[in-house]
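Chemist: Provided below: data-v4.txt, containing compact mmCIF, C-alpha atoms and all ligand atoms.
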```txt
# COMPACT_ATOMS: atom_id res chain seq x y z
CA MET A 158 -11.51 -48.63 28.69
CA SER A 159 -15.20 -48.07 29.39
CA ASP A 160 -17.52 -45.84 27.36
CA GLU A 161 -17.44 -43.38 30.22
CA ASP A 162 -13.63 -43.18 30.04
CA ASP A 163 -13.92 -42.78 26.30
CA ILE A 164 -16.29 -39.85 26.65
CA SER A 165 -14.13 -38.07 29.19
CA GLN A 166 -11.09 -38.78 27.01
CA LYS A 167 -12.82 -37.19 24.03
CA THR A 168 -13.90 -34.24 26.16
CA LEU A 169 -10.35 -33.82 27.42
CA ALA A 170 -9.01 -34.01 23.87
CA VAL A 171 -11.24 -31.08 22.92
CA HIS A 172 -11.30 -28.97 26.09
CA GLY A 173 -8.38 -30.23 28.22
CA GLY A 174 -5.86 -27.53 29.04
CA GLU A 175 -7.81 -24.87 27.15
CA PRO A 176 -8.83 -21.56 28.75
CA ARG A 177 -12.53 -20.58 28.53
CA THR A 178 -11.75 -17.59 26.37
CA TYR A 179 -9.00 -16.53 23.98
CA PRO A 180 -7.74 -13.05 23.11
CA TYR A 181 -10.08 -11.15 20.75
CA ASP A 182 -12.83 -13.67 21.62
CA ALA A 183 -11.34 -16.13 19.14
CA LEU A 184 -13.17 -19.45 19.22
CA ALA A 185 -10.19 -21.51 17.98
CA ALA A 186 -6.87 -21.38 19.82
CA PRO A 187 -4.82 -18.55 18.27
CA ILE A 188 -1.29 -19.30 17.08
CA THR A 189 1.07 -16.90 18.83
CA GLN A 190 3.76 -16.54 16.22
CA THR A 191 6.40 -14.54 18.02
CA ALA A 192 10.05 -15.01 18.88
CA THR A 193 9.95 -12.76 21.93
CA TYR A 194 7.47 -10.85 24.10
CA SER A 195 7.10 -7.26 25.24
CA PHE A 196 6.71 -6.03 28.80
CA ALA A 197 4.39 -3.07 29.54
CA ASP A 198 6.94 -1.43 31.83
CA THR A 199 9.81 -2.08 34.23
CA ALA A 200 7.37 -2.91 37.01
CA GLU A 201 6.00 -5.83 34.97
CA LEU A 202 9.52 -6.99 34.15
CA ILE A 203 10.46 -6.97 37.84
CA ALA A 204 7.21 -8.73 38.79
CA TYR A 205 7.99 -11.45 36.25
CA PHE A 206 11.55 -12.00 37.43
CA GLU A 207 10.43 -12.05 41.05
CA GLY A 208 7.93 -14.77 40.16
CA ARG A 209 4.88 -12.62 40.94
CA LYS A 210 3.65 -12.61 37.35
CA ASP A 211 3.21 -15.75 35.27
CA ARG A 212 3.79 -14.96 31.59
CA GLU A 213 6.12 -15.67 28.68
CA GLU A 214 9.50 -14.02 28.34
CA TYR A 215 11.30 -15.40 25.28
CA GLY A 216 10.35 -17.80 22.49
CA ARG A 217 12.95 -20.45 23.30
CA TYR A 218 11.54 -20.68 26.85
CA GLY A 219 7.84 -20.77 26.11
CA ASN A 220 4.92 -19.98 23.86
CA PRO A 221 1.19 -19.84 24.73
CA SER A 222 0.18 -22.02 21.76
CA VAL A 223 2.77 -24.64 22.73
CA ARG A 224 1.74 -24.34 26.37
CA LEU A 225 -1.78 -25.26 25.34
CA VAL A 226 -0.53 -28.53 23.81
CA GLU A 227 1.42 -29.21 26.99
CA GLU A 228 -1.60 -28.68 29.23
CA LYS A 229 -3.79 -30.81 26.99
CA MET A 230 -1.23 -33.61 27.00
CA ALA A 231 -0.93 -33.44 30.80
CA ALA A 232 -4.73 -33.67 30.99
CA LEU A 233 -4.82 -36.66 28.60
CA GLU A 234 -1.95 -38.50 30.30
CA ARG A 235 -3.40 -37.61 33.73
CA THR A 236 -0.03 -36.22 34.82
CA GLU A 237 0.81 -33.02 36.69
CA ASP A 238 2.57 -31.37 33.76
CA ALA A 239 3.97 -31.88 30.26
CA VAL A 240 6.55 -30.19 28.05
CA ALA A 241 6.59 -30.18 24.24
CA PHE A 242 9.61 -30.55 21.94
CA ALA A 243 10.51 -29.96 18.30
CA SER A 244 10.78 -33.74 17.71
CA GLY A 245 10.37 -37.03 19.50
CA MET A 246 14.13 -37.55 19.65
CA ALA A 247 14.57 -34.09 21.21
CA ALA A 248 12.08 -35.20 23.87
CA VAL A 249 13.78 -38.56 24.45
CA THR A 250 17.35 -37.24 24.60
CA SER A 251 16.53 -34.17 26.71
CA THR A 252 14.65 -36.30 29.22
CA ILE A 253 17.49 -38.79 29.56
CA LEU A 254 20.06 -36.02 29.90
CA ALA A 255 17.92 -34.31 32.55
CA LEU A 256 17.87 -37.49 34.65
CA VAL A 257 21.44 -38.81 34.50
CA LYS A 258 24.96 -37.56 35.05
CA SER A 259 28.45 -38.95 34.66
CA GLY A 260 28.93 -42.15 36.66
CA ALA A 261 25.28 -43.15 36.37
CA HIS A 262 24.02 -46.40 34.85
CA VAL A 263 21.01 -46.69 32.52
CA ILE A 264 19.01 -49.82 31.63
CA LEU A 265 17.29 -50.07 28.26
CA PHE A 266 15.00 -52.76 26.89
CA ALA A 267 16.91 -53.96 23.83
CA ASP A 268 14.12 -53.58 21.28
CA CYS A 269 13.58 -49.85 21.86
CA TYR A 270 13.62 -47.49 18.88
CA ARG A 271 17.10 -47.73 17.35
CA ARG A 272 17.92 -44.02 17.66
CA THR A 273 17.15 -44.13 21.38
CA ARG A 274 19.37 -47.18 21.64
CA GLN A 275 22.07 -45.43 19.66
CA PHE A 276 21.89 -42.42 21.98
CA VAL A 277 22.18 -44.55 25.11
CA THR A 278 24.86 -46.95 23.89
CA THR A 279 27.15 -44.57 22.01
CA PHE A 280 26.46 -40.98 23.01
CA LEU A 281 25.86 -41.41 26.75
CA ASP A 282 28.82 -43.74 26.96
CA ARG A 283 31.09 -40.87 25.81
CA PHE A 284 29.95 -38.87 28.82
CA GLY A 285 30.60 -41.57 31.41
CA VAL A 286 27.07 -42.96 31.63
CA SER A 287 27.16 -46.76 31.34
CA ASN A 288 24.30 -48.92 30.09
CA THR A 289 22.88 -52.41 30.09
CA LEU A 290 20.55 -53.69 27.38
CA ILE A 291 18.05 -56.26 28.60
CA PRO A 292 15.84 -58.64 26.57
CA PRO A 293 12.48 -57.32 25.41
CA ALA A 294 9.78 -57.27 28.10
CA ASP A 295 11.99 -59.27 30.51
CA VAL A 296 11.32 -57.85 33.97
CA GLU A 297 13.41 -60.50 35.71
CA ALA A 298 16.42 -59.38 33.67
CA LEU A 299 15.55 -55.83 34.66
CA ALA A 300 15.61 -56.66 38.37
CA ALA A 301 18.95 -58.47 37.92
CA ALA A 302 20.51 -55.59 35.95
CA ILE A 303 19.89 -52.86 38.54
CA ARG A 304 23.09 -51.66 40.23
CA PRO A 305 23.62 -49.15 43.04
CA GLU A 306 24.46 -46.48 40.44
CA THR A 307 21.43 -47.22 38.19
CA ARG A 308 19.40 -44.06 37.78
CA LEU A 309 17.04 -44.71 34.89
CA VAL A 310 15.18 -47.51 33.12
CA ILE A 311 14.01 -46.83 29.58
CA ALA A 312 11.30 -48.85 27.85
CA GLU A 313 8.76 -48.46 25.11
CA ALA A 314 5.21 -49.71 25.36
CA PRO A 315 4.67 -50.98 22.73
CA THR A 316 8.15 -51.00 21.20
CA ASN A 317 8.90 -49.78 17.68
CA PRO A 318 8.62 -51.93 15.62
CA TYR A 319 8.31 -55.25 17.46
CA GLN A 320 5.35 -54.25 19.60
CA THR A 321 6.48 -55.79 22.87
CA VAL A 322 5.02 -54.47 26.10
CA PRO A 323 6.74 -55.05 29.43
CA ASP A 324 4.58 -55.44 32.51
CA LEU A 325 4.61 -51.80 33.56
CA GLU A 326 3.29 -52.38 37.06
CA GLN A 327 6.20 -54.71 37.74
CA VAL A 328 8.69 -52.37 36.10
CA ALA A 329 7.41 -49.47 38.23
CA GLU A 330 7.42 -51.54 41.41
CA ILE A 331 10.93 -52.97 40.94
CA CYS A 332 12.32 -49.52 40.13
CA ARG A 333 10.50 -47.67 42.89
CA GLU A 334 11.92 -50.08 45.49
CA ARG A 335 15.45 -49.45 44.18
CA LYS A 336 14.91 -45.68 43.76
CA VAL A 337 15.38 -45.83 40.00
CA LYS A 338 13.37 -43.56 37.69
CA THR A 339 11.28 -45.10 34.90
CA LEU A 340 10.78 -43.65 31.42
CA ILE A 341 8.23 -45.11 29.00
CA ASP A 342 8.16 -44.04 25.38
CA SER A 343 4.44 -44.41 24.69
CA THR A 344 4.52 -43.19 21.09
CA PHE A 345 2.82 -46.24 19.61
CA ALA A 346 -0.04 -46.26 22.08
CA THR A 347 -0.85 -42.53 22.65
CA PRO A 348 -2.83 -41.63 25.78
CA VAL A 349 -5.96 -42.62 23.88
CA ASN A 350 -5.03 -46.27 24.38
CA PHE A 351 -2.80 -46.31 27.40
CA LYS A 352 -1.53 -44.08 30.24
CA PRO A 353 1.79 -45.36 31.65
CA ALA A 354 1.71 -42.92 34.61
CA SER A 355 -1.37 -44.73 35.91
CA TYR A 356 0.87 -47.82 36.38
CA GLY A 357 3.36 -45.83 38.44
CA ILE A 358 5.76 -44.88 35.63
CA ASP A 359 7.63 -41.64 36.40
CA ILE A 360 7.93 -40.07 32.99
CA VAL A 361 6.11 -40.62 29.68
CA VAL A 362 7.60 -39.61 26.34
CA HIS A 363 5.96 -39.37 22.92
CA SER A 364 7.06 -38.78 19.40
CA ALA A 365 4.06 -36.60 18.48
CA THR A 366 5.16 -37.12 14.89
CA LYS A 367 3.35 -40.46 14.86
CA TYR A 368 -0.18 -41.25 16.04
CA LEU A 369 -0.47 -38.32 18.41
CA ALA A 370 -0.55 -35.79 15.59
CA GLY A 371 -1.87 -38.43 13.27
CA HIS A 372 -1.64 -36.63 9.94
CA ASN A 373 2.03 -36.76 8.96
CA ASP A 374 2.21 -32.98 8.96
CA VAL A 375 3.84 -32.43 12.34
CA LEU A 376 7.26 -33.21 13.78
CA GLY A 377 7.08 -33.01 17.56
CA GLY A 378 7.65 -34.61 20.93
CA VAL A 379 6.07 -34.49 24.37
CA VAL A 380 7.25 -35.42 27.87
CA ALA A 381 4.67 -35.85 30.64
CA GLY A 382 5.01 -36.62 34.34
CA LYS A 383 5.25 -35.15 37.82
CA ALA A 384 5.77 -31.38 37.83
CA GLY A 385 9.24 -31.59 39.40
CA LEU A 386 10.60 -33.98 36.76
CA VAL A 387 8.95 -32.13 33.88
CA SER A 388 10.45 -28.90 35.15
CA LEU A 389 13.97 -30.43 34.98
CA VAL A 390 13.31 -31.42 31.36
CA ARG A 391 11.82 -28.01 30.52
CA ASP A 392 14.97 -26.32 31.87
CA LEU A 393 17.06 -28.38 29.46
CA ARG A 394 14.79 -27.48 26.54
CA SER A 395 15.53 -23.83 27.28
CA VAL A 396 19.26 -24.60 27.07
CA PHE A 397 19.22 -26.96 24.06
CA GLY A 398 16.64 -24.91 22.20
CA ALA A 399 14.46 -27.76 20.92
CA MET A 400 11.34 -25.63 21.35
CA PRO A 401 8.56 -26.58 18.88
CA ARG A 402 7.43 -23.94 16.43
CA PRO A 403 3.91 -22.75 17.21
CA ALA A 404 1.86 -24.00 14.25
CA ARG A 405 -1.66 -25.25 13.70
CA GLY A 406 -0.83 -28.95 13.45
CA LEU A 407 1.20 -28.92 16.63
CA SER A 408 -1.17 -26.68 18.53
CA ASP A 409 -3.86 -29.27 18.85
CA PRO A 410 -2.78 -32.71 17.75
CA PRO A 411 -4.91 -34.67 20.23
CA ARG A 412 -7.93 -32.53 19.40
CA HIS A 413 -7.60 -33.31 15.73
CA GLN A 414 -7.35 -36.98 16.47
CA ASP A 415 -10.37 -39.11 15.74
CA LEU A 416 -10.18 -41.12 18.92
CA GLY A 417 -12.29 -44.00 17.68
CA ALA A 418 -10.27 -44.27 14.47
CA SER A 419 -7.05 -44.08 16.45
CA ARG A 420 -8.04 -47.02 18.63
CA ARG A 421 -9.24 -49.07 15.68
CA THR A 422 -5.96 -48.35 13.90
CA ALA A 423 -3.99 -49.29 17.00
CA LYS A 424 -5.70 -52.68 17.10
CA ARG A 425 -5.05 -53.24 13.43
CA ILE A 426 -1.39 -52.32 13.94
CA GLY A 427 -1.22 -54.87 16.75
CA ALA A 428 -2.49 -57.59 14.46
CA GLY A 429 -0.67 -56.30 11.36
CA ALA A 430 2.67 -56.26 13.09
CA CYS A 431 2.16 -59.94 13.63
CA ARG A 432 1.25 -60.68 10.08
CA ALA A 433 4.47 -59.12 8.80
CA PRO A 434 6.88 -59.72 11.64
CA ARG A 435 10.41 -58.51 11.69
CA ALA A 436 12.93 -59.93 14.07
CA PRO A 437 15.40 -57.75 15.97
CA PRO A 438 18.83 -57.05 14.57
CA SER A 439 21.17 -59.96 14.91
CA GLY A 440 22.68 -60.09 18.35
CA SER A 441 19.62 -58.65 20.11
CA PRO A 442 18.86 -60.88 23.04
CA GLY A 443 15.59 -62.22 24.28
CA VAL A 444 12.10 -63.06 23.29
CA VAL A 445 10.20 -61.34 20.54
CA SER A 446 6.47 -61.11 20.85
CA GLY A 447 3.85 -58.80 19.47
CA PRO A 448 1.31 -57.70 22.06
CA ALA A 449 -1.27 -59.87 20.41
CA ILE A 450 0.80 -63.03 20.59
CA SER A 451 2.88 -62.94 23.72
CA SER A 452 3.34 -66.17 25.56
CA GLN A 453 3.64 -64.40 28.91
CA PRO A 454 0.20 -64.19 30.56
CA ARG A 455 0.74 -60.87 32.34
CA HIS A 456 2.32 -59.37 29.27
CA ARG A 457 -0.59 -60.61 27.19
CA GLU A 458 -3.07 -59.02 29.53
CA THR A 459 -1.20 -55.71 29.51
CA ALA A 460 -0.85 -55.72 25.79
CA ASP A 461 -4.24 -56.84 24.66
CA GLU A 462 -6.49 -55.37 27.21
CA ARG A 463 -4.70 -52.30 28.41
CA VAL A 464 -3.01 -51.14 25.26
CA TRP A 465 -5.33 -52.29 22.52
CA GLY A 466 -8.37 -52.25 24.77
CA ARG A 467 -9.67 -55.78 24.33
CA ARG A 468 -8.90 -59.31 25.38
CA ASP A 469 -9.81 -61.32 22.32
CA VAL A 470 -7.42 -59.80 19.75
CA ARG A 471 -5.75 -63.17 19.22
CA GLY A 472 -9.01 -64.88 18.40
CA ARG A 473 -10.19 -68.19 19.86
CA ARG A 474 -7.58 -70.97 20.07
CA GLY A 475 -7.72 -72.93 16.84
CA SER A 476 -9.62 -70.20 14.96
CA PRO A 477 -8.15 -69.00 11.62
CA ARG A 478 -7.20 -65.70 13.28
CA HIS A 479 -5.45 -67.47 16.14
CA GLN A 480 -3.57 -69.69 13.68
CA SER A 481 -2.48 -66.77 11.54
CA LEU A 482 -1.22 -64.85 14.58
CA ARG A 483 0.68 -67.91 15.78
CA ARG A 484 2.47 -68.05 12.45
CA CYS A 485 3.72 -64.53 13.11
CA VAL A 486 6.09 -65.48 15.91
CA PRO A 487 9.45 -64.68 14.37
CA ASN A 488 11.71 -67.58 13.71
CA PRO A 489 15.20 -67.18 15.24
CA GLU A 490 16.79 -68.10 11.87
CA ASP A 491 15.08 -65.10 10.26
CA ARG A 492 16.76 -62.71 12.63
CA ALA A 493 19.98 -62.23 10.76
CA GLU A 494 18.07 -61.29 7.62
CA SER A 495 15.78 -58.79 9.25
CA ARG A 496 16.72 -55.18 9.52
CA ARG A 497 15.20 -52.72 11.89
CA ARG A 498 13.82 -49.42 10.76
C1 LIG B 1 9.04 -45.03 19.61
C2 LIG B 1 9.68 -43.82 18.99
N1 LIG B 1 10.23 -42.91 19.81
C3 LIG B 1 10.84 -41.81 19.30
C4 LIG B 1 10.92 -41.60 17.94
C5 LIG B 1 11.58 -40.37 17.42
O1 LIG B 1 10.59 -39.45 17.06
P1 LIG B 1 10.83 -38.26 16.01
O2 LIG B 1 10.94 -38.87 14.66
O3 LIG B 1 9.61 -37.40 16.19
O4 LIG B 1 12.08 -37.55 16.44
C6 LIG B 1 10.36 -42.52 17.07
C7 LIG B 1 10.46 -42.34 15.62
O5 LIG B 1 10.25 -43.24 14.81
C8 LIG B 1 9.72 -43.66 17.60
O6 LIG B 1 9.14 -44.58 16.83
```
So, in terms of structure tokens, how does the structure I just supplied come out?

Modeler:
Amino acid sequence: MSDEDDISQKTLAVHGGEPRTYPYDALAAPITQTATYSFADTAELIAYFEGRKDREEYGRYGNPSVRLVEEKMAALERTEDAVAFASGMAAVTSTILALVKSGAHVILFADCYRRTRQFVTTFLDRFGVSNTLIPPADVEALAAAIRPETRLVIAEAPTNPYQTVPDLEQVAEICRERKVKTLIDSTFATPVNFKPASYGIDIVVHSATKYLAGHNDVLGGVVAGKAGLVSLVRDLRSVFGAMPRPARGLSDPPRHQDLGASRRTAKRIGAGACRAPRAPPSGSPGVVSGPAISSQPRHRETADERVWGRRDVRGRRGSPRHQSLRRCVPNPEDRAESRRR
């Protein structure tokens, strides 16, 4: 990411999605703490229902303070729209449910967050949606796993907690050719470090609870992507009711974020994850590699340069840093002992 990108990113974090003025000339975004909204008269009500007036109707469907977060996130992810949720898991599950129906098949990279895996392998299964787990970052296994009824591929970049990053351009290309939608959970990167939609990924999900909010005082989720897809997910939020509460922390998480600190932390996490590696639960297939230590060249490039923003995170070959990162490659024998969060 160049300095110029950084500046525009910071500008977007402050001003993106924000109107020029707020009610009562407030300088900071007001928190609209209301469960429902009043209409001036029947004419306004009719105008709203006929789609001639754009406004809020009921708190489970929308809130101006939450809308602000959504517009800011769409600006930061460079997507057409975004929708916010009460938690990251509400965002993940609602998005998956919006995109599949009974008879469909879903592919999941095996080292995804365990609750997402649990949802796909146990919950979806009960509703007639089958699944295949593929080894971490293995795009060849992805291509081989696609069936005529495959509708969705789910990955994290980087994964929690193993920090693998599949080659997103390849993932997007393989899936686009086969008319399969792609979902990337980008929680660990945030749009400050990485924008999956710019690699052709259809839908980006975040647990805002983590680095996006950044202060451990917010539970939230965000889904960003093309307007049509986001609208399907928003419709489900209205049904399921996982609307976030309008509150200060949620209202401007990216604005509160110190972008420089976030990127520095991200790099440290990349290296730290290698210093204290954990292997996947026993039985998980495939390679395990932190973004800083992958043996796959394209993966390494994606991880180091695109996610953490630099090429030299592993250090020069033979340097103490390089040696210490090499030691972090998990040993297969350790796997049985390691437990995932
Ligand atoms: C990658 C990832 N996605 C989703 C979630 C779920 O987010 P939340 O705790 O906000 O529901 C988590 C939580 O740890 C996560 O790490």

Chemist: If we count only C-alpha atoms, what is near Thr289 (chain A) at a cut-off of 8 Å, once residues fewer than 3 positions away on the same chain are taken out, given as a PDB file with C-alpha atoms, in the coordinates of the input?

Modeler:
```pdb
ATOM      1  CA  HIS A 262      24.020 -46.400  34.850  1.00  0.00           C
ATOM      2  CA  VAL A 263      21.010 -46.690  32.520  1.00  0.00           C
ATOM      3  CA  ILE A 264      19.010 -49.820  31.630  1.00  0.00           C
ATOM      4  CA  LEU A 265      17.290 -50.070  28.260  1.00  0.00           C
ATOM      5  CA  ALA A 302      20.510 -55.590  35.950  1.00  0.00           C
TER       6      ALA A 302
END
```

Chemist: May I ask which of the residues A:Gln166, A:Ser364, A:Gln320, A:Gln190 is the closest one to ligand LIG 1 (chain B), counting only C-alpha atoms and all ligand atoms?

Modeler: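 Selected residue with least distance to ligand LIG 1 (chain B): A:Ser364.
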
Chemist: Grab me every residue within 6 Å of ligand LIG 1 (chain B), counting all atoms listed in the file, and send it over as an mmCIF file with C-alpha atoms, keeping the file's coordinate frame.

Modeler:
```cif
data_model
loop_
_atom_site.group_PDB
_atom_site.id
_atom_site.type_symbol
_atom_site.label_atom_id
_atom_site.label_comp_id
_atom_site.auth_asym_id
_atom_site.auth_seq_id
_atom_site.Cartn_x
_atom_site.Cartn_y
_atom_site.Cartn_z
ATOM 1 C CA SER A 244 10.780 -33.740 17.710
ATOM 2 C CA GLY A 245 10.370 -37.030 19.500
ATOM 3 C CA MET A 246 14.130 -37.550 19.650
ATOM 4 C CA TYR A 270 13.620 -47.490 18.880
ATOM 5 C CA ASN A 317 8.900 -49.780 17.680
ATOM 6 C CA ASP A 342 8.160 -44.040 25.380
ATOM 7 C CA THR A 344 4.520 -43.190 21.090
ATOM 8 C CA SER A 364 7.060 -38.780 19.400
ATOM 9 C CA THR A 366 5.160 -37.120 14.890
ATOM 10 C CA LEU A 376 7.260 -33.210 13.780
ATOM 11 C CA GLY A 377 7.080 -33.010 17.560
ATOM 12 C CA GLY A 378 7.650 -34.610 20.930
#
```

Chemist: Just checking: using only C-alpha atoms, which residue out of A:Ala186, A:Leu290, A:Ala381, A:Val396 ends up closest to Thr236 (chain A)?

Modeler: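 Between A:Ala186, A:Leu290, A:Ala381, A:Val396, the residue approaching Thr236 (chain A) most closely is A:Ala381.
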
Chemist: For CA of Leu340 (chain A) and CA of Tyr368 (chain A), quote the distance in Å rounded to one decimal.

Modeler: 19.0 Å

Chemist: Kindly indicate which residue among A:Leu325, A:Ile341, A:Ile203, A:Ala232 lies nearest to Val361 (chain A), using only C-alpha atoms for the distances.

Modeler: A:Ile341

Chemist: Any idea what's packed within 6 Å of region 330-338 of chain A, counting only C-alpha atoms, ignoring anything in its chain fewer than 3 positions away? Could you give it as a VMD selection string?

Modeler: chain A and resid 308 to 309 327

Chemist: Need the neighbours of (9.8, -28.1, 31.5): which residues are at most 10 Å away, counting all atoms listed in the file, as a count of residues only?

Modeler: 23

Chemist: Is it possible to get the residues within 6 Å of (4.9, -44.9, 23.5) (coordinates as in the file, counting only C-alpha atoms) written as a ChimeraX atom specification?

Modeler: /A:313-314,342-346,363

Chemist: State, in Å with one decimal place, the distance from CA of Pro187 (chain A) to CA of Ser165 (chain A).

Modeler: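 CA of Ser165 (chain A) lies 24.2 Å from CA of Pro187 (chain A).
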
Chemist: Tell me which of A:Leu254, A:Val226, A:Val322, A:Val362 sits closest to Asp268 (chain A), counting all atoms listed in the file.

Modeler: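 Closest residue, counting all atoms listed in the file: A:Val322.
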
Chemist: Using all atoms listed in the file, find the one residue out of A:Val249, A:Ala170, A:Ala365, A:Val328 that sits nearest to Pro401 (chain A).

Modeler: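 When distances to Pro401 (chain A) are compared using all atoms listed in the file, the smallest one comes from A:Ala365.
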
Chemist: How many Å lie between CA of Ala247 (chain A) and CA of Lys210 (chain A), rounded to one decimal?

Modeler: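 Separation of CA of Ala247 (chain A) and CA of Lys210 (chain A): 29.0 Å.
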
Chemist: Could you check the closest approach to Gly382 (chain A) for each of A:Arg235, A:Lys258, A:Pro348, A:Thr278 and tell me which residue wins, using only C-alpha atoms?

Modeler: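 Counting only C-alpha atoms, the residue closest to Gly382 (chain A) is A:Arg235.
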
Chemist: Please rebuild region 222-236 of chain A with N, CA and C atoms and return the result as a PDB file, keeping the file's coordinate frame.

Modeler:
```pdb
ATOM      1  N   SER A 222       0.796 -20.976  22.594  1.00  0.00           N
ATOM      2  CA  SER A 222       0.180 -22.020  21.760  1.00  0.00           C
ATOM      3  C   SER A 222       0.784 -23.380  22.102  1.00  0.00           C
ATOM      4  N   VAL A 223       2.093 -23.395  22.346  1.00  0.00           N
ATOM      5  CA  VAL A 223       2.770 -24.640  22.730  1.00  0.00           C
ATOM      6  C   VAL A 223       2.323 -25.053  24.132  1.00  0.00           C
ATOM      7  N   ARG A 224       2.165 -24.061  24.995  1.00  0.00           N
ATOM      8  CA  ARG A 224       1.740 -24.340  26.370  1.00  0.00           C
ATOM      9  C   ARG A 224       0.378 -25.053  26.380  1.00  0.00           C
ATOM     10  N   LEU A 225      -0.450 -24.639  25.438  1.00  0.00           N
ATOM     11  CA  LEU A 225      -1.780 -25.260  25.340  1.00  0.00           C
ATOM     12  C   LEU A 225      -1.658 -26.766  25.046  1.00  0.00           C
ATOM     13  N   VAL A 226      -0.760 -27.104  24.122  1.00  0.00           N
ATOM     14  CA  VAL A 226      -0.530 -28.530  23.810  1.00  0.00           C
ATOM     15  C   VAL A 226      -0.060 -29.256  25.068  1.00  0.00           C
ATOM     16  N   GLU A 227       0.857 -28.577  25.793  1.00  0.00           N
ATOM     17  CA  GLU A 227       1.420 -29.210  26.990  1.00  0.00           C
ATOM     18  C   GLU A 227       0.328 -29.488  28.026  1.00  0.00           C
ATOM     19  N   GLU A 228      -0.537 -28.503  28.215  1.00  0.00           N
ATOM     20  CA  GLU A 228      -1.600 -28.680  29.230  1.00  0.00           C
ATOM     21  C   GLU A 228      -2.581 -29.742  28.785  1.00  0.00           C
ATOM     22  N   LYS A 229      -2.854 -29.782  27.498  1.00  0.00           N
ATOM     23  CA  LYS A 229      -3.790 -30.810  26.990  1.00  0.00           C
ATOM     24  C   LYS A 229      -3.171 -32.196  27.160  1.00  0.00           C
ATOM     25  N   MET A 230      -1.884 -32.310  26.863  1.00  0.00           N
ATOM     26  CA  MET A 230      -1.230 -33.610  27.000  1.00  0.00           C
ATOM     27  C   MET A 230      -1.176 -34.048  28.465  1.00  0.00           C
ATOM     28  N   ALA A 231      -0.927 -33.086  29.369  1.00  0.00           N
ATOM     29  CA  ALA A 231      -0.930 -33.440  30.800  1.00  0.00           C
ATOM     30  C   ALA A 231      -2.324 -33.915  31.198  1.00  0.00           C
ATOM     31  N   ALA A 232      -3.351 -33.254  30.668  1.00  0.00           N
ATOM     32  CA  ALA A 232      -4.730 -33.670  30.990  1.00  0.00           C
ATOM     33  C   ALA A 232      -4.990 -35.077  30.447  1.00  0.00           C
ATOM     34  N   LEU A 233      -4.557 -35.345  29.210  1.00  0.00           N
ATOM     35  CA  LEU A 233      -4.820 -36.660  28.600  1.00  0.00           C
ATOM     36  C   LEU A 233      -4.027 -37.774  29.260  1.00  0.00           C
ATOM     37  N   GLU A 234      -2.781 -37.477  29.642  1.00  0.00           N
ATOM     38  CA  GLU A 234      -1.950 -38.500  30.300  1.00  0.00           C
ATOM     39  C   GLU A 234      -2.235 -38.602  31.781  1.00  0.00           C
ATOM     40  N   ARG A 235      -3.081 -37.691  32.289  1.00  0.00           N
ATOM     41  CA  ARG A 235      -3.400 -37.610  33.730  1.00  0.00           C
ATOM     42  C   ARG A 235      -2.106 -37.435  34.546  1.00  0.00           C
ATOM     43  N   THR A 236      -1.253 -36.526  34.069  1.00  0.00           N
ATOM     44  CA  THR A 236      -0.030 -36.220  34.820  1.00  0.00           C
ATOM     45  C   THR A 236      -0.080 -34.766  35.281  1.00  0.00           C
TER      46      THR A 236
END
```
